[in-house]
>>> print(open('data-v7.txt').read())   # compact mmCIF, C-alpha atoms
# COMPACT_ATOMS: atom_id res chain seq x y z
CA MET A 1 210.31 157.23 171.30
CA PHE A 2 210.29 160.98 171.65
CA GLN A 3 209.21 163.70 174.05
CA ASN A 4 208.02 167.00 172.63
CA SER A 5 207.40 170.39 174.20
CA THR A 6 203.71 169.85 174.89
CA PRO A 7 205.05 167.35 176.12
CA LYS A 8 203.43 164.36 174.41
CA ILE A 9 205.32 161.07 174.52
CA LEU A 10 205.31 158.50 171.76
CA PHE A 11 206.19 155.14 173.30
CA VAL A 12 207.61 152.21 171.37
CA LEU A 13 206.70 148.69 172.55
CA GLU A 14 209.31 146.06 171.80
CA LEU A 15 208.78 142.30 172.17
CA HIS A 16 211.35 140.34 174.13
CA ASP A 17 211.78 136.71 175.08
CA LEU A 18 209.37 136.05 177.94
CA MET A 19 211.01 135.32 181.27
CA VAL A 20 210.00 132.61 183.72
CA ASN A 21 210.02 133.90 187.29
CA PRO A 22 212.06 132.10 189.93
CA ASN A 23 210.38 130.61 192.99
CA TYR A 24 210.49 133.81 195.07
CA GLU A 25 209.28 134.05 198.68
CA SER A 26 208.90 137.82 199.18
CA THR A 27 209.09 140.69 196.71
CA PHE A 28 210.43 140.15 193.22
CA VAL A 29 211.49 142.77 190.65
CA PHE A 30 212.10 142.19 186.95
CA ASN A 31 212.30 144.22 183.77
CA ASN A 32 208.99 144.57 181.96
CA ASP A 33 208.75 142.28 178.93
CA PHE A 34 206.84 145.02 177.09
CA PRO A 35 208.47 148.27 178.24
CA ALA A 36 207.06 151.65 177.32
CA LEU A 37 210.51 153.20 177.84
CA LEU A 38 213.86 151.99 176.52
CA GLU A 39 217.39 153.22 177.17
CA ASP A 40 218.62 152.81 173.60
CA VAL A 41 216.41 154.95 171.40
CA PRO A 42 217.16 157.33 168.52
CA SER A 43 217.16 161.08 169.01
CA PRO A 44 214.67 162.97 166.83
CA PRO A 45 215.86 165.51 164.27
CA GLU A 46 215.97 169.11 165.45
CA SER A 47 212.97 171.20 164.48
CA GLU A 48 212.82 174.96 163.95
CA ASN A 49 209.03 174.87 164.32
CA ASP A 50 207.97 175.95 167.83
CA LEU A 51 204.80 173.86 167.55
CA PHE A 52 206.63 170.60 166.96
CA GLN A 53 209.51 170.27 169.41
CA MET A 54 210.75 166.83 170.41
CA ALA A 55 213.46 165.21 172.47
CA ALA A 56 214.45 161.61 173.15
CA ALA A 57 212.56 159.95 176.03
CA ARG A 58 214.75 157.24 177.52
CA GLY A 59 214.17 155.02 180.51
CA VAL A 60 213.57 151.68 182.20
CA CYS A 61 210.31 149.89 183.03
CA ARG A 62 210.21 147.30 185.79
CA VAL A 63 207.53 145.19 187.44
CA MET A 64 207.58 144.44 191.15
CA CYS A 65 205.57 141.60 192.67
CA PHE A 66 204.50 142.29 196.26
CA HIS A 67 203.97 138.70 197.35
CA PRO A 68 204.31 135.17 195.95
CA LYS A 69 200.58 134.47 196.43
CA SER A 70 198.23 135.71 193.70
CA ASN A 71 195.28 136.23 196.07
CA ILE A 72 197.09 138.49 198.55
CA THR A 73 196.79 142.27 198.21
CA LEU A 74 198.32 145.00 200.38
CA PRO A 75 195.48 145.12 202.97
CA LEU A 76 195.74 141.34 203.39
CA MET A 77 199.50 141.33 203.82
CA SER A 78 201.14 141.52 207.23
CA GLN A 79 202.86 144.71 208.30
CA MET A 80 206.19 142.91 207.98
CA GLU A 81 205.37 141.90 204.40
CA ILE A 82 204.38 145.47 203.51
CA ARG A 83 207.64 146.68 205.07
CA ALA A 84 209.50 144.38 202.64
CA VAL A 85 207.64 146.09 199.79
CA ILE A 86 208.66 149.52 201.11
CA ASP A 87 212.29 148.44 201.47
CA LYS A 88 212.33 147.32 197.85
CA TRP A 89 210.69 150.59 196.72
CA VAL A 90 213.51 152.45 198.48
CA ASP A 91 216.16 150.22 196.86
CA GLU A 92 214.72 150.68 193.38
CA THR A 93 214.44 154.44 193.85
CA ALA A 94 218.08 154.61 194.96
CA GLU A 95 219.36 152.46 192.08
CA LEU A 96 217.31 153.93 189.24
CA GLY A 97 217.51 157.45 190.65
CA LYS A 98 221.26 157.58 190.06
CA ASN A 99 220.81 157.94 186.30
CA HIS A 100 217.18 158.95 185.80
CA ASP A 101 215.57 162.30 186.57
CA TRP A 102 212.28 160.72 187.63
CA VAL A 103 211.41 157.36 189.20
CA GLN A 104 207.68 156.72 189.21
CA ILE A 105 206.39 153.88 191.37
CA PHE A 106 202.71 153.13 190.80
CA GLU A 107 200.14 150.39 191.31
CA ASN A 108 197.02 149.89 189.21
CA LYS A 109 194.77 147.64 191.27
CA GLY A 110 191.73 145.94 189.77
CA ALA A 111 190.43 145.28 186.28
CA ILE A 112 188.45 148.53 186.39
CA MET A 113 191.81 150.34 186.50
CA GLY A 114 193.12 148.42 183.51
CA CYS A 115 195.09 145.85 185.50
CA SER A 116 195.20 142.69 183.38
CA ASN A 117 197.03 140.55 185.95
CA PRO A 118 195.44 139.99 189.38
CA HIS A 119 198.78 139.09 190.98
CA PRO A 120 199.64 141.84 193.52
CA HIS A 121 202.24 144.01 191.83
CA CYS A 122 203.26 147.52 190.93
CA GLN A 123 205.31 149.10 188.17
CA ILE A 124 208.42 151.26 188.33
CA TRP A 125 209.16 153.55 185.40
CA ALA A 126 212.41 155.52 185.48
CA SER A 127 212.74 158.22 182.85
CA SER A 128 215.32 160.63 181.50
CA PHE A 129 212.78 163.46 181.85
CA ILE A 130 210.29 164.69 184.44
CA PRO A 131 206.75 163.76 183.28
CA ASN A 132 203.89 166.24 183.06
CA GLU A 133 202.21 165.73 186.45
CA PRO A 134 205.34 166.03 188.62
CA ARG A 135 206.72 168.75 186.33
CA ILE A 136 203.66 170.93 186.95
CA LYS A 137 203.68 170.03 190.64
CA ASP A 138 207.36 170.98 190.87
CA GLY A 139 206.58 174.47 189.56
CA ASN A 140 203.68 175.00 191.96
CA LEU A 141 205.66 173.76 194.97
CA LEU A 142 208.58 175.98 194.03
CA ASN A 143 206.39 179.08 193.63
CA TYR A 144 204.89 178.53 197.09
CA TYR A 145 208.33 177.99 198.62
CA LYS A 146 209.68 181.20 197.08
CA LYS A 147 206.71 183.15 198.43
CA HIS A 148 206.49 181.66 201.95
CA GLY A 149 209.93 180.20 202.60
CA ARG A 150 208.42 176.85 203.65
CA PRO A 151 207.40 173.68 201.79
CA LEU A 152 203.74 173.81 200.77
CA LEU A 153 203.00 170.22 201.81
CA ILE A 154 204.47 170.71 205.29
CA ASP A 155 202.23 173.73 205.83
CA TYR A 156 199.30 171.84 204.37
CA MET A 157 199.91 168.76 206.55
CA GLU A 158 200.07 170.83 209.73
CA GLN A 159 196.83 172.65 208.96
CA GLU A 160 194.99 169.44 208.04
CA ILE A 161 196.02 167.87 211.35
CA GLU A 162 194.83 170.99 213.18
CA LYS A 163 191.47 171.05 211.38
CA GLU A 164 190.97 167.23 211.62
CA GLU A 165 187.89 167.23 209.33
CA ARG A 166 189.65 165.66 206.34
CA VAL A 167 191.96 163.30 208.27
CA VAL A 168 191.27 159.59 207.71
CA VAL A 169 194.03 157.84 209.69
CA SER A 170 197.33 158.83 211.27
CA ASN A 171 200.19 157.49 213.35
CA HIS A 172 203.39 158.92 214.79
CA ASP A 173 205.03 159.60 211.42
CA TRP A 174 202.25 159.79 208.80
CA VAL A 175 198.80 161.19 208.19
CA VAL A 176 196.29 160.25 205.48
CA VAL A 177 193.84 162.93 204.36
CA VAL A 178 191.22 163.37 201.69
CA PRO A 179 192.79 166.42 200.03
CA PHE A 180 190.93 169.72 200.06
CA TRP A 181 191.22 169.68 196.25
CA ALA A 182 190.34 165.96 195.78
CA VAL A 183 188.73 165.00 192.48
CA TRP A 184 187.96 161.30 192.93
CA PRO A 185 185.26 160.45 195.52
CA TYR A 186 187.56 158.69 197.99
CA GLU A 187 190.91 160.08 196.89
CA THR A 188 193.55 160.26 199.62
CA MET A 189 197.04 161.64 200.16
CA VAL A 190 199.69 160.13 202.45
CA LEU A 191 201.82 162.85 204.05
CA PRO A 192 204.84 162.63 206.36
CA LYS A 193 204.67 164.51 209.66
CA SER A 194 208.31 165.52 209.32
CA TYR A 195 210.29 166.88 206.40
CA VAL A 196 211.54 164.25 203.93
CA GLN A 197 212.18 164.79 200.23
CA ARG A 198 212.42 161.28 198.79
CA PHE A 199 211.75 157.61 199.52
CA THR A 200 215.47 157.24 200.14
CA ASP A 201 215.31 159.76 203.02
CA LEU A 202 213.06 157.61 205.21
CA ASN A 203 214.58 156.23 208.39
CA ASP A 204 213.78 152.80 209.82
CA ASN A 205 210.94 154.03 212.04
CA GLN A 206 209.33 155.94 209.18
CA LYS A 207 209.44 152.86 206.95
CA GLN A 208 207.85 150.72 209.63
CA SER A 209 205.12 153.24 210.39
CA LEU A 210 204.50 153.71 206.66
CA ALA A 211 203.79 149.97 206.44
CA ASP A 212 201.23 150.46 209.22
CA ILE A 213 199.57 153.42 207.50
CA ILE A 214 199.39 151.62 204.14
CA LYS A 215 197.73 148.63 205.75
CA GLN A 216 195.23 150.88 207.54
CA ILE A 217 194.14 152.94 204.52
CA THR A 218 193.96 149.99 202.09
CA THR A 219 191.96 147.99 204.65
CA LYS A 220 189.51 150.87 205.02
CA TYR A 221 189.19 151.01 201.24
CA ASP A 222 188.32 147.30 201.06
CA ASN A 223 185.88 147.67 203.96
CA LEU A 224 183.99 150.52 202.28
CA PHE A 225 182.10 148.27 199.87
CA LYS A 226 183.37 144.92 201.19
CA SER A 227 185.33 144.28 198.04
CA SER A 228 188.88 144.34 196.77
CA PHE A 229 188.91 148.12 196.28
CA PRO A 230 190.43 149.28 192.97
CA TYR A 231 192.69 152.31 192.66
CA SER A 232 195.74 153.82 191.05
CA MET A 233 198.36 154.56 193.67
CA GLY A 234 201.82 156.08 193.50
CA TRP A 235 204.55 158.10 195.19
CA HIS A 236 206.01 161.53 194.44
CA GLY A 237 209.24 162.95 195.77
CA ALA A 238 212.01 165.29 194.73
CA PRO A 239 213.50 164.59 191.26
CA THR A 240 216.55 162.39 191.00
CA GLY A 241 219.33 161.81 188.46
CA SER A 242 220.76 165.12 187.27
CA LYS A 243 218.56 166.88 189.88
CA LEU A 244 220.01 165.04 192.90
CA ASN A 245 222.47 167.79 193.78
CA GLU A 246 220.09 170.68 193.08
CA ASP A 247 218.19 172.54 195.80
CA ASN A 248 214.87 170.70 196.12
CA SER A 249 213.84 172.25 199.44
CA HIS A 250 210.33 172.83 198.08
CA TRP A 251 209.67 169.10 197.70
CA VAL A 252 208.07 166.83 200.31
CA PHE A 253 207.72 163.10 199.71
CA HIS A 254 204.08 161.89 199.62
CA GLY A 255 201.76 159.18 198.36
CA LEU A 256 198.56 159.39 196.32
CA PHE A 257 195.57 157.05 196.05
CA TYR A 258 193.08 157.61 193.20
CA PRO A 259 190.14 155.17 193.55
CA PRO A 260 187.26 155.33 191.03
CA LEU A 261 184.39 153.77 193.01
CA LEU A 262 181.52 156.02 194.02
CA ARG A 263 178.41 154.29 195.41
CA SER A 264 179.15 150.55 195.36
CA ALA A 265 181.69 147.94 194.33
CA THR A 266 180.37 148.20 190.76
CA VAL A 267 179.39 151.87 190.42
CA LYS A 268 182.31 154.13 189.53
CA LYS A 269 182.67 157.84 188.93
CA PHE A 270 183.00 158.74 185.26
CA MET A 271 185.25 161.62 184.26
CA VAL A 272 183.32 162.62 181.15
CA GLY A 273 181.52 165.52 179.54
CA TYR A 274 181.83 168.66 181.65
CA GLU A 275 184.65 167.15 183.66
CA MET A 276 186.73 166.49 180.55
CA LEU A 277 185.90 169.76 178.84
CA ALA A 278 185.54 172.22 181.71
CA GLN A 279 186.16 171.25 185.35
CA SER A 280 185.99 168.24 187.65
CA GLN A 281 182.92 167.94 189.88
CA ARG A 282 182.68 166.17 193.23
CA ASP A 283 179.79 163.85 194.09
CA LEU A 284 180.43 164.25 197.82
CA THR A 285 182.58 166.70 199.72
CA ALA A 286 186.11 165.91 200.84
CA GLU A 287 184.89 166.20 204.44
CA GLN A 288 182.08 163.70 203.86
CA ALA A 289 184.43 161.23 202.19
CA ALA A 290 186.97 161.53 205.01
CA LYS A 291 184.29 160.94 207.64
CA ILE A 292 183.01 157.83 205.87
CA LEU A 293 186.51 156.38 205.57
CA ARG A 294 187.49 157.42 209.09
CA GLN A 295 184.54 155.57 210.64
CA LEU A 296 185.36 152.28 208.90
CA PRO A 297 187.17 149.59 210.92
CA ILE A 298 190.86 148.89 210.43
CA ILE A 299 190.28 145.12 210.61
CA HIS A 300 189.63 143.66 207.17
CA TYR A 301 186.03 142.60 206.50
CA SER A 302 187.13 139.15 205.35
CA ILE A 303 188.40 138.47 208.87
CA THR A 304 185.42 139.87 210.76
CA ASP A 305 182.62 138.54 208.53
>>> encode(input="data-v7.txt", output="structure tokens")
Amino acid sequence: MFQNSTPKILFVLELHDLMVNPNYESTFVFNNDFPALLEDVPSPPESENDLFQMAAARGVCRVMCFHPKSNITLPLMSQMEIRAVIDKWVDETAELGKNHDWVQIFENKGAIMGCSNPHPHCQIWASSFIPNEPRIKDGNLLNYYKKHGRPLLIDYMEQEIEKEERVVVSNHDWVVVVPFWAVWPYETMVLPKSYVQRFTDLNDNQKQSLADIIKQITTKYDNLFKSSFPYSMGWHGAPTGSKLNEDNSHWVFHGLFYPPLLRSATVKKFMVGYEMLAQSQRDLTAEQAAKILRQLPIIHYSITD
């Protein structure tokens, strides 16, 4: 299981004895039976060829169940239940972040996103390296900070709130926007209204209001096509592990929702052809998408219908 300079990662899947879950009543976290990352892996031989550079990619893969009921998703959970999910995300970030440079929390919701198990859950991958997406983001955020002396996402958040046209929902601590650069039709970003670097920096009020904002945006998603809205969702914050004591002033903690649906519960956007080979194209503007989402009710359709 190696990481090379491109960097492409070759993951090894190893079979383990399957575990039977206990009778849990809230969240439940366990090690993935088929992990893509392992702690004990061989290091590759050194290469003098600049085109073929590799390094060991070590880590831990966990699964976190949101709720004991299989038919309950985030928008159908109470704010208190979502808060329990957030508290566990913070705990896992703190624990795994001690020894891993990156802790990636993500949820793939729906079969269309490759989710093979309908039970409400997410995954937590902690790695010895910073993966491509956050590595590139780290460089861009740092370049902006060096030029302007302020975190890019704080400046961006303030201007989006001022403009209002791409804001979907907000509360005292958080704002959800369809990003100016959004690729997916109803893509959104969850931004804090004050400066925080990591999940572990959130205070009690911010955790509680984050539960509120998650319930609002996921409910609006379900209400869009009156369906259990699929997406890939995750959180980005400052690197951890060996980077914990470094200056990460350019980082601002934030969440990302990438939903594929375009015109109905069964019609998705396809990233093919020109979009794979040249540049992504939008089917509706970020402003149009934000307006559509903004005008949807925050009461779930299953309750009102």
>>> residues_around(input="data-v7.txt", residues="Arg166 (chain A)", least_positions_apart="2", cutoff="9 Å", atoms="all atoms listed in the file", output="list in words")
Glu160, Ile161, Lys163, Glu164, Val168, Val176, Val177, Val178, Pro179, Phe180, Ala286, Glu287, Gln288, Ala289, Ala290, Lys291 and Arg294 of chain A
>>> residues_around(input="data-v7.txt", residues="Ile72 (chain A)", least_positions_apart="5", cutoff="9 Å", atoms="only C-alpha atoms", output="list in words")
Phe66, His67, Met77, His119 and Pro120 of chain A
>>> closest_residue(input="data-v7.txt", among="A:Val85, A:Leu141, A:Ile299, A:Val60", to="Phe28 (chain A)", atoms="all atoms listed in the file")
A:Val85
>>> atom_distance(input="data-v7.txt", atom1="CA of Val103 (chain A)", atom2="CA of Val90 (chain A)")
10.7 Å
>>> closest_residue(input="data-v7.txt", among="A:Thr93, A:Gln208, A:Asn71, A:Asn140", to="Pro118 (chain A)", atoms="all atoms listed in the file")
A:Asn71
>>> closest_residue(input="data-v7.txt", among="A:Ala211, A:Leu277, A:Ala238, A:Cys65", to="Arg135 (chain A)", atoms="all atoms listed in the file")
A:Ala238
>>> atom_distance(input="data-v7.txt", atom1="CA of His121 (chain A)", atom2="CA of Arg62 (chain A)")
10.5 Å
>>> atom_distance(input="data-v7.txt", atom1="CA of Glu165 (chain A)", atom2="CA of Gly139 (chain A)")
28.2 Å
>>> closest_residue(input="data-v7.txt", among="A:Trp184, A:Trp125, A:Trp174, A:Trp251", to="Glu39 (chain A)", atoms="all atoms listed in the file")
A:Trp125
>>> closest_residue(input="data-v7.txt", among="A:Ser127, A:Gln79, A:Asn117, A:Ser70", to="Arg58 (chain A)", atoms="only C-alpha atoms")
A:Ser127
>>> closest_residue(input="data-v7.txt", among="A:Gly110, A:Pro192, A:Pro297, A:Pro185", to="Asn205 (chain A)", atoms="only C-alpha atoms")
A:Pro192
>>> residues_near_point(input="data-v7.txt", point="(193.9, 149.8, 201.8)", cutoff="9 Å", atoms="only C-alpha atoms", output="number ranges by chain")
A: 73-76, 213-223, 228-229
